[in-house]
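Encoded as structure tokens, the structure appears first; notes follow it.
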2 protein chains.
Amino acid sequence: MRVTIKDVAKKCGFSITSVSLVLNNKENKIPESSRQIILDTAEEMGYRPNRLAVGLLKKKTKLLGLVIPDNSNMFFSELSKSVEVAARKRGYSLIYGNTSDVYSRDYEYLKLFVDHQVDGIVITKSSHLPEKDDIRNMEFLEKSGVPFVVVDRQPKGFKSNMVTVNNVTGGYLATRYLIEQGHSRIGCFTGPLGLTTSQQRLEGYKNALAESNIDFDESLVVEGNFSSGFESKAMTRFIDEKVTAIFCQNDIMAFGIYREANKFGIKIPADLSVVGYDNINLCDIVYPGLTTIHQPIDQIGEESVRILTNLIDTSEEVPVEVKELEPKLVVRSSVLINRGGK
Amino acid sequence: MRVTIKDVAKKCGFSITSVSLVLNNKENKIPESSRQIILDTAEEMGYRPNRLAVGLLKKKTKLLGLVIPDNSNMFFSELSKSVEVAARKRGYSLIYGNTSDVYSRDYEYLKLFVDHQVDGIVITKSSHLPEKDDIRNMEFLEKSGVPFVVVDRQPKGFKSNMVTVNNVTGGYLATRYLIEQGHSRIGCFTGPLGLTTSQQRLEGYKNALAESNIDFDESLVVEGNFSSGFESKAMTRFIDEKVTAIFCQNDIMAFGIYREANKFGIKIPADLSVVGYDNINLCDIVYPGLTTIHQPIDQIGEESVRILTNLIDTSEEVPVEVKELEPKLVVRSSVLINRGGK
DNA sequence: ATTTGTTAAGAAAACGCTTACAAATATCAT
DNA sequence: ATGATATTTGTAAGCGTTTTCTTAACAAAT
């Protein structure tokens with residue numbers, strides 16, 4: 001049986017009240033002598049407060065819930081780490097739900113978190129969440145009254161607190177850089193086109209092309225899944241289409257392209273230039289270093305938690321906040337510089 | 001204000017008891033007519049049970065705590081995913097603490113989890129946890145009475161429920177394979193030597209050498225950190241020592257070696273053979289595919305949770321269980337086959 | 001001796017829920 | 001009608017805390 005405050009009180013002969021007061025450092029003039037006795041017995045008995053009881057009473061758990069689609073995807077594992085760091089800084093702990101991109105679990109975790117009385121929720125939805133479910137989830141959260149922040153992937157047709165990185169800019173930056181280096185036949189290896197994330201990056205790609213008067217060619221776009229499995233198919237297409245550069249919508253897919261290129265004896269960057277997206281740790285470790293679009297992951301975590309705790313701490317209505325962070329290009333060695341000379 | 005069972009009861013005119021009974025599907029012959037009314041009002045009001053209250057009363061939270069050192073290390077992010085999957089299968093959710101390898105946080109999270117009344121704890125300790133703290137943590141857990149399982153990294157001088165993969169075997173398999181392919185000057189790029197994990201893999205390396213009558217050479221061993229940062233230093237040494245193959249004690253460090261090799265124009269596997277450890281997803285994506293030691297991550301998660309839930313469910317004393325899983329060699333393309341001919 | 005003030009410590013309610021038990025009502029045989 | 005039994009619903013205790021409100025004790029002031 002776990003030792004309770006009652007046990008401590010009994011053992012040292014003080015009342016529950018006094019023990020509680022002392023243990024919580026309330027300035028309720030318990031004389032130092034009594035204080036010490038209480039502190040010592042609690043320590044000696046290995047007393048630990050029951051957070052369920054406290055939470056029940058105070059209606060605060062200091063717990064945040066995090067829903068992410070796939071923790072074995074480095075972008076998300078780094079993201080969850082950054083949320084965790086930001087949360088701990090403010091005295092919150094994380095309950096964490098990995099949906100493995102099975103979208104029905106988004107809802108399950110949301111319910112679980114609400115049931116556990118978390119003080120706030122950070123959610124990045126699953127890749128293939130149908131719009132209907134997306135809205136259902138958002139409405140559930142709204143109705144539950146638990147503050148929440150949507151991260152990275154925005155829900156369609158629903159306005160809520162949100163932290164994103166400007167994906168249009170990201171796609172644009174990547175593509176423009178390739179164009180600047182002399183490329184004009186540029187493949188685009190996208191994420192699931194059901195995600196606004198992918199669509200926006202594609203939009204940025206188109207914008208950059210348009211700006212340089214390069215016609216958009218549908219057949220240079222290949223849809224992937226933000227993971228591995230489609231690189232082979234993609235590479236075949238890109239070879240057929242004689243692209244000289246590929247904009248991959250995430251780093252993992254870029255690494256897949258690396259492998260395929262190697263298989264075909266295609267040299268990066270000499271024969272083929274590649275730009276990734278995310279700037280995960282591995283970009284530096286791989287050879288040649290992957291030029292990519294950096295997402296400020298730490299900032300995403302920090303901002304999400306900031307908005308969330310702000311929501312939690314202020315009783316008045318807070319206006320919906322949408323924080324859009326800016327991506328930036330990180331140049332390494334996977335793009336052939338100044339192709340064809342200036 | 002959140003809607004409680006009381007609110008539901010009031011709204012539909014039944015007692016709290018009846019509502020509770022129906023909502024929990026107890027077979028307490030509430031007539032179907034009443035049942036439906038209750039179910040409908042609860043649904044309509046968006047009632048969600050307060051798990052704090054339930055936990056307080058039942059002394060079960062269906063929550064498991066997980067402490068891991070670094071979620072941005074793929075081995076651990078995959079591990080945490082596997083624990084999560086195994087937990088969910090049995091109706092448990094995960095609270096999750098990432099220590100970022102700051103070892104004082106191991107203890108903090110342990111306390112937090114106990115305070116939150118988790119039903120069980122899975123812990124992989126931080127890389128540089130001093131023995132003193134290690135034992136303190138273990139004793140704390142023991143005293144708390146919360147069932148726990150130690151994963152992967154074993155505490156020194158403490159016997160507890162544990163799931164590991166046989167690291168000696170792993171080191172042996174990697175090294176023997178290199179020897180079989182004709183290598184005899186084999187570098188060993190280790191993890192932090194303060195971890196038994198690293199020491200055991202090194203031991204396996206030595207065993208394989210001894211078996212083939214190759215003298216162990218201290219200068220072929222370079223200590224790393226299971227992450228990146230030491231590859232450059234390591235590579236310099238390995239080149240000086242004219243090794244033809246390197247056994248890296250994890251995959252991330254192997255990728256670092258890939259990069260360094262490329263910098264020096266050294267071809268893998270033609271000029272240098274590399275074996276990794278962990279078999280993270282990336283091994284397949286990288287080129288050349290990394291030959292490595294597979295750790296059965298899914299099994300680790302499954303076994304940990306199995307042992308844990310077994311501990312939770314059985315009231316009698318359960319004998320300490322140490323589950324040692326077997327690693328296996330996964331051959332890809334980073335080792336030159338049959339060097340020097342047969 | 002009574003009042004007032006000060007200090008120390010305890011009693012009790014409440015948080016939302018489950019569940020053992022009690023009560024009320026309906027059903028039926030006598 | 002009487003009691004017995006089955007069916008349905010309600011009462012209340014208790015889980016471990018925090019916190020408001022009392023009480024108790026005693027010294028100082030009138």
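Each chain in the structure tokens gets a letter, A, B and so on, in the order shown; residues start at 1 in every chain, and ligands are counted from 1 in the order they appear.
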Taking only C-alpha atoms into account, report as an NGL selection string which residues of chain A lie within 8 Å of chain B. :A and (1-2 or 46 or 48-53 or 55-56 or 71-72 or 74 or 77-78 or 81 or 84 or 93-98 or 111 or 114-117 or 143-145 or 228 or 255-256 or 258-259 or 262 or 285-288)
Identify all residues of region 126-177 of chain B in helix (DSSP H, G or I) (DSSP on the backbone) and supply them as a list in words. Glu131, Lys132, Asp133, Asp134, Ile135, Arg136, Asn137, Met138, Glu139, Phe140, Leu141, Glu142, Lys143, Ser144, Asn167, Val168, Thr169, Gly170, Gly171, Tyr172, Leu173, Ala174, Thr175, Arg176 and Tyr177 of chain B
Dump N, CA and C atoms for the selected residues as an mmCIF file, in the first residue's frame?
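Result file is again-v1.cif:
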data_model
loop_
_atom_site.group_PDB
_atom_site.id
_atom_site.type_symbol
_atom_site.label_atom_id
_atom_site.label_comp_id
_atom_site.auth_asym_id
_atom_site.auth_seq_id
_atom_site.Cartn_x
_atom_site.Cartn_y
_atom_site.Cartn_z
ATOM 1 N N GLU B 131 26.822 5.383 -11.238
ATOM 2 C CA GLU B 131 26.342 4.165 -10.587
ATOM 3 C C GLU B 131 25.524 4.478 -9.340
ATOM 4 N N LYS B 132 25.981 5.456 -8.600
ATOM 5 C CA LYS B 132 25.303 5.879 -7.376
ATOM 6 C C LYS B 132 23.835 6.258 -7.666
ATOM 7 N N ASP B 133 23.653 7.081 -8.666
ATOM 8 C CA ASP B 133 22.299 7.512 -9.031
ATOM 9 C C ASP B 133 21.482 6.351 -9.566
ATOM 10 N N ASP B 134 22.165 5.497 -10.303
ATOM 11 C CA ASP B 134 21.495 4.350 -10.888
ATOM 12 C C ASP B 134 20.843 3.530 -9.778
ATOM 13 N N ILE B 135 21.636 3.258 -8.754
ATOM 14 C CA ILE B 135 21.133 2.455 -7.647
ATOM 15 C C ILE B 135 20.050 3.200 -6.869
ATOM 16 N N ARG B 136 20.267 4.483 -6.680
ATOM 17 C CA ARG B 136 19.260 5.296 -6.004
ATOM 18 C C ARG B 136 17.917 5.190 -6.736
ATOM 19 N N ASN B 137 17.980 5.319 -8.064
ATOM 20 C CA ASN B 137 16.757 5.230 -8.863
ATOM 21 C C ASN B 137 16.065 3.880 -8.713
ATOM 22 N N MET B 138 16.874 2.841 -8.787
ATOM 23 C CA MET B 138 16.316 1.499 -8.688
ATOM 24 C C MET B 138 15.671 1.288 -7.319
ATOM 25 N N GLU B 139 16.347 1.782 -6.306
ATOM 26 C CA GLU B 139 15.805 1.612 -4.958
ATOM 27 C C GLU B 139 14.537 2.429 -4.772
ATOM 28 N N PHE B 140 14.514 3.574 -5.392
ATOM 29 C CA PHE B 140 13.309 4.392 -5.322
ATOM 30 C C PHE B 140 12.124 3.642 -5.918
ATOM 31 N N LEU B 141 12.367 3.063 -7.081
ATOM 32 C CA LEU B 141 11.304 2.327 -7.758
ATOM 33 C C LEU B 141 10.841 1.151 -6.903
ATOM 34 N N GLU B 142 11.818 0.436 -6.400
ATOM 35 C CA GLU B 142 11.515 -0.726 -5.572
ATOM 36 C C GLU B 142 10.629 -0.309 -4.388
ATOM 37 N N LYS B 143 11.038 0.749 -3.736
ATOM 38 C CA LYS B 143 10.323 1.228 -2.557
ATOM 39 C C LYS B 143 8.916 1.713 -2.905
ATOM 40 N N SER B 144 8.801 2.328 -4.071
ATOM 41 C CA SER B 144 7.498 2.871 -4.476
ATOM 42 C C SER B 144 6.457 1.782 -4.685
ATOM 43 N N ASN B 167 24.196 -8.223 -26.250
ATOM 44 C CA ASN B 167 25.151 -7.357 -26.935
ATOM 45 C C ASN B 167 26.463 -8.051 -27.247
ATOM 46 N N VAL B 168 26.815 -9.009 -26.406
ATOM 47 C CA VAL B 168 28.043 -9.747 -26.669
ATOM 48 C C VAL B 168 27.895 -10.510 -27.989
ATOM 49 N N THR B 169 26.777 -11.189 -28.116
ATOM 50 C CA THR B 169 26.496 -11.895 -29.359
ATOM 51 C C THR B 169 26.511 -10.943 -30.551
ATOM 52 N N GLY B 170 25.863 -9.799 -30.367
ATOM 53 C CA GLY B 170 25.808 -8.820 -31.452
ATOM 54 C C GLY B 170 27.189 -8.405 -31.915
ATOM 55 N N GLY B 171 28.023 -8.046 -30.969
ATOM 56 C CA GLY B 171 29.386 -7.638 -31.316
ATOM 57 C C GLY B 171 30.141 -8.770 -31.986
ATOM 58 N N TYR B 172 29.887 -9.947 -31.480
ATOM 59 C CA TYR B 172 30.554 -11.134 -32.026
ATOM 60 C C TYR B 172 30.122 -11.381 -33.477
ATOM 61 N N LEU B 173 28.820 -11.349 -33.708
ATOM 62 C CA LEU B 173 28.293 -11.616 -35.054
ATOM 63 C C LEU B 173 28.843 -10.632 -36.083
ATOM 64 N N ALA B 174 28.855 -9.377 -35.706
ATOM 65 C CA ALA B 174 29.340 -8.339 -36.617
ATOM 66 C C ALA B 174 30.799 -8.594 -36.974
ATOM 67 N N THR B 175 31.577 -8.842 -35.942
ATOM 68 C CA THR B 175 33.016 -9.001 -36.148
ATOM 69 C C THR B 175 33.336 -10.298 -36.892
ATOM 70 N N ARG B 176 32.657 -11.357 -36.509
ATOM 71 C CA ARG B 176 32.919 -12.635 -37.164
ATOM 72 C C ARG B 176 32.626 -12.544 -38.661
ATOM 73 N N TYR B 177 31.545 -11.843 -38.971
ATOM 74 C CA TYR B 177 31.192 -11.697 -40.386
ATOM 75 C C TYR B 177 32.316 -11.002 -41.147
#
Interatomic distance between CA of Gln181 (chain A) and CA of Ile214 (chain A)?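 That distance, rounded to one decimal, is 14.2 Å.
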Mind checking which residues fall within 10 Å of region 4-20 of chain D, counting only C-alpha atoms (C1' of nucleotides), ignoring those fewer than 2 positions away in the same chain, and posting them as a PyMOL selection string? (chain A and resi 4-6+16-17+20-21+24+49-58) or (chain B and resi 14-18+28-31+34+53-59) or (chain C and resi 12-15+17-30) or (chain D and resi 2+22)
Take the residues from that selection and put them in a file with C-alpha atoms (C1' of nucleotides), as a PDB file, in the first residue's frame.
ATOM      1  CA  THR A   4      -0.503   8.644   2.053  1.00  0.00           C
ATOM      2  CA  ILE A   5      -0.488  11.983   3.725  1.00  0.00           C
ATOM      3  CA  LYS A   6      -2.676  10.440   6.391  1.00  0.00           C
ATOM      4  CA  ILE A  16      -3.312  16.057   7.856  1.00  0.00           C
ATOM      5  CA  THR A  17      -3.721  19.773   7.423  1.00  0.00           C
ATOM      6  CA  SER A  20      -0.170  19.254   3.731  1.00  0.00           C
ATOM      7  CA  LEU A  21       0.664  22.826   4.592  1.00  0.00           C
ATOM      8  CA  ASN A  24       3.410  22.422  -0.029  1.00  0.00           C
ATOM      9  CA  PRO A  49       1.754  13.042  -3.253  1.00  0.00           C
ATOM     10  CA  ASN A  50      -0.991  11.396  -5.256  1.00  0.00           C
ATOM     11  CA  ARG A  51      -1.432  13.533  -8.313  1.00  0.00           C
ATOM     12  CA  LEU A  52      -4.798  12.047  -9.097  1.00  0.00           C
ATOM     13  CA  ALA A  53      -6.209  13.344  -5.861  1.00  0.00           C
ATOM     14  CA  VAL A  54      -4.576  16.710  -6.354  1.00  0.00           C
ATOM     15  CA  GLY A  55      -5.749  16.921  -9.921  1.00  0.00           C
ATOM     16  CA  LEU A  56      -9.264  15.988  -8.996  1.00  0.00           C
ATOM     17  CA  LEU A  57      -9.398  18.707  -6.428  1.00  0.00           C
ATOM     18  CA  LYS A  58      -7.528  21.456  -8.189  1.00  0.00           C
TER      19      LYS A  58
ATOM     20  CA  PHE B  14     -31.958   8.766 -13.069  1.00  0.00           C
ATOM     21  CA  SER B  15     -29.611   8.283 -10.185  1.00  0.00           C
ATOM     22  CA  ILE B  16     -25.875   8.569 -10.451  1.00  0.00           C
ATOM     23  CA  THR B  17     -25.655   4.856  -9.793  1.00  0.00           C
ATOM     24  CA  SER B  18     -27.839   3.914 -12.707  1.00  0.00           C
ATOM     25  CA  ASN B  28     -26.945  -4.891 -13.529  1.00  0.00           C
ATOM     26  CA  LYS B  29     -30.246  -5.381 -15.270  1.00  0.00           C
ATOM     27  CA  ILE B  30     -31.114  -1.811 -15.900  1.00  0.00           C
ATOM     28  CA  PRO B  31     -34.082  -2.179 -18.243  1.00  0.00           C
ATOM     29  CA  SER B  34     -33.825   3.279 -19.164  1.00  0.00           C
ATOM     30  CA  ALA B  53     -11.643  10.152 -10.140  1.00  0.00           C
ATOM     31  CA  VAL B  54     -11.789   6.615 -11.459  1.00  0.00           C
ATOM     32  CA  GLY B  55      -8.095   6.103 -10.869  1.00  0.00           C
ATOM     33  CA  LEU B  56      -8.294   7.446  -7.379  1.00  0.00           C
ATOM     34  CA  LEU B  57     -11.043   5.054  -6.536  1.00  0.00           C
ATOM     35  CA  LYS B  58      -9.907   1.958  -8.360  1.00  0.00           C
ATOM     36  CA  LYS B  59      -6.207   2.455  -7.783  1.00  0.00           C
TER      37      LYS B  59
ATOM     38  C1'  DA C  12     -14.716  18.839   7.543  1.00  0.00           C
ATOM     39  C1'  DA C  13     -16.146  19.672   2.859  1.00  0.00           C
ATOM     40  C1'  DA C  14     -15.301  19.025  -1.740  1.00  0.00           C
ATOM     41  C1'  DC C  15     -13.416  17.076  -6.279  1.00  0.00           C
ATOM     42  C1'  DC C  17     -16.527   8.412  -9.545  1.00  0.00           C
ATOM     43  C1'  DT C  18     -17.665   3.143  -8.273  1.00  0.00           C
ATOM     44  C1'  DT C  19     -19.956  -0.083  -5.635  1.00  0.00           C
ATOM     45  C1'  DA C  20     -21.873  -2.460  -1.567  1.00  0.00           C
ATOM     46  C1'  DC C  21     -25.980  -2.105   0.333  1.00  0.00           C
ATOM     47  C1'  DA C  22     -30.633  -0.452   1.193  1.00  0.00           C
ATOM     48  C1'  DA C  23     -35.020   0.878  -0.385  1.00  0.00           C
ATOM     49  C1'  DA C  24     -38.818   1.105  -3.220  1.00  0.00           C
ATOM     50  C1'  DT C  25     -41.788  -0.748  -6.447  1.00  0.00           C
ATOM     51  C1'  DA C  26     -43.854  -4.295  -9.220  1.00  0.00           C
ATOM     52  C1'  DT C  27     -45.128  -9.218  -9.765  1.00  0.00           C
ATOM     53  C1'  DC C  28     -46.848 -13.266  -8.226  1.00  0.00           C
ATOM     54  C1'  DA C  29     -48.472 -17.233  -5.457  1.00  0.00           C
ATOM     55  C1'  DT C  30     -51.104 -18.201  -1.635  1.00  0.00           C
TER      56       DT C  30
ATOM     57  C1'  DT D   2     -50.558 -11.113   2.781  1.00  0.00           C
ATOM     58  C1'  DT D  22     -13.037  26.443  13.780  1.00  0.00           C
TER      59       DT D  22
END
Can you list every residue in region 151-252 of chain A that DSSP puts in strand (DSSP E), as a PyMOL selection string? chain A and resi 151+162-165+186-190+221-223+245-248
Have a look at CA of Asn25 (chain A) and CA of Lys89 (chain A) and let me know their distance in Å, one decimal. 21.1 Å
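Straight-line separation from CA of Arg35 (chain A) to CA of Val22 (chain A): 6.2 Å.
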Calculated over only C-alpha atoms, which of the candidates B:Ser304, B:Thr41, B:Ser333, B:Asn310 has the smallest distance to Ile121 (chain B)? B:Ser304
For chain C versus chain A, which residues have an atom no more than 10 Å away, and what is each residue's nearest atom pair and distance in Å rounded to one decimal, using only C-alpha atoms (C1' of nucleotides), chain-then-number order, as a Markdown table?
| residue | atom | partner | partner_atom | distance |
| --- | --- | --- | --- | --- |
| C:DT7 | C1' | A:Lys29 | CA | 8.5 |
| C:DA8 | C1' | A:Ile30 | CA | 7.1 |
| C:DA9 | C1' | A:Ser15 | CA | 6.9 |
| C:DG10 | C1' | A:Ser15 | CA | 6.2 |
| C:DA11 | C1' | A:Thr17 | CA | 9.5 |
| C:DA14 | C1' | A:Leu57 | CA | 7.5 |
| C:DC15 | C1' | A:Leu57 | CA | 4.3 |
| C:DG16 | C1' | A:Leu56 | CA | 7.5 |
Would you mind exporting the chosen residues as a compact mmCIF listing (two decimals), in the first residue's frame, restricted to C-alpha atoms (C1' of nucleotides)?
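Result file is again-v3.txt:
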# COMPACT_ATOMS: atom_id res chain seq x y z
C1' DT C 7 -0.40 31.28 17.66
C1' DA C 8 -0.86 26.36 16.58
C1' DA C 9 -3.40 22.64 14.99
C1' DG C 10 -7.50 20.14 13.72
C1' DA C 11 -12.33 19.19 11.48
C1' DA C 14 -15.30 19.02 -1.74
C1' DC C 15 -13.42 17.08 -6.28
C1' DG C 16 -16.07 12.85 -9.66
Tyr103 (chain B) surroundings by only C-alpha atoms (C1' of nucleotides), 10 Å radius, close-in-sequence under 4 positions cut, as a PyMOL selection string: chain B and resi 69+99+107-108+125-130+133-134
Resulting file, chosen residues, C-alpha atoms, as a PDB file, in the first residue's frame:
ATOM      1  CA  PRO B  69      17.291   8.951 -23.056  1.00  0.00           C
ATOM      2  CA  THR B  99      15.590  12.868 -20.588  1.00  0.00           C
ATOM      3  CA  TYR B 107      14.957  10.420 -11.328  1.00  0.00           C
ATOM      4  CA  GLU B 108      12.634  13.338 -11.933  1.00  0.00           C
ATOM      5  CA  LYS B 125      18.549   4.923 -18.340  1.00  0.00           C
ATOM      6  CA  SER B 126      20.594   7.873 -19.528  1.00  0.00           C
ATOM      7  CA  SER B 127      23.985   7.317 -21.061  1.00  0.00           C
ATOM      8  CA  HIS B 128      26.094   8.830 -18.339  1.00  0.00           C
ATOM      9  CA  LEU B 129      24.150   7.965 -15.234  1.00  0.00           C
ATOM     10  CA  PRO B 130      26.613   7.480 -12.372  1.00  0.00           C
ATOM     11  CA  ASP B 133      22.299   7.512  -9.031  1.00  0.00           C
ATOM     12  CA  ASP B 134      21.495   4.350 -10.888  1.00  0.00           C
TER      13      ASP B 134
END
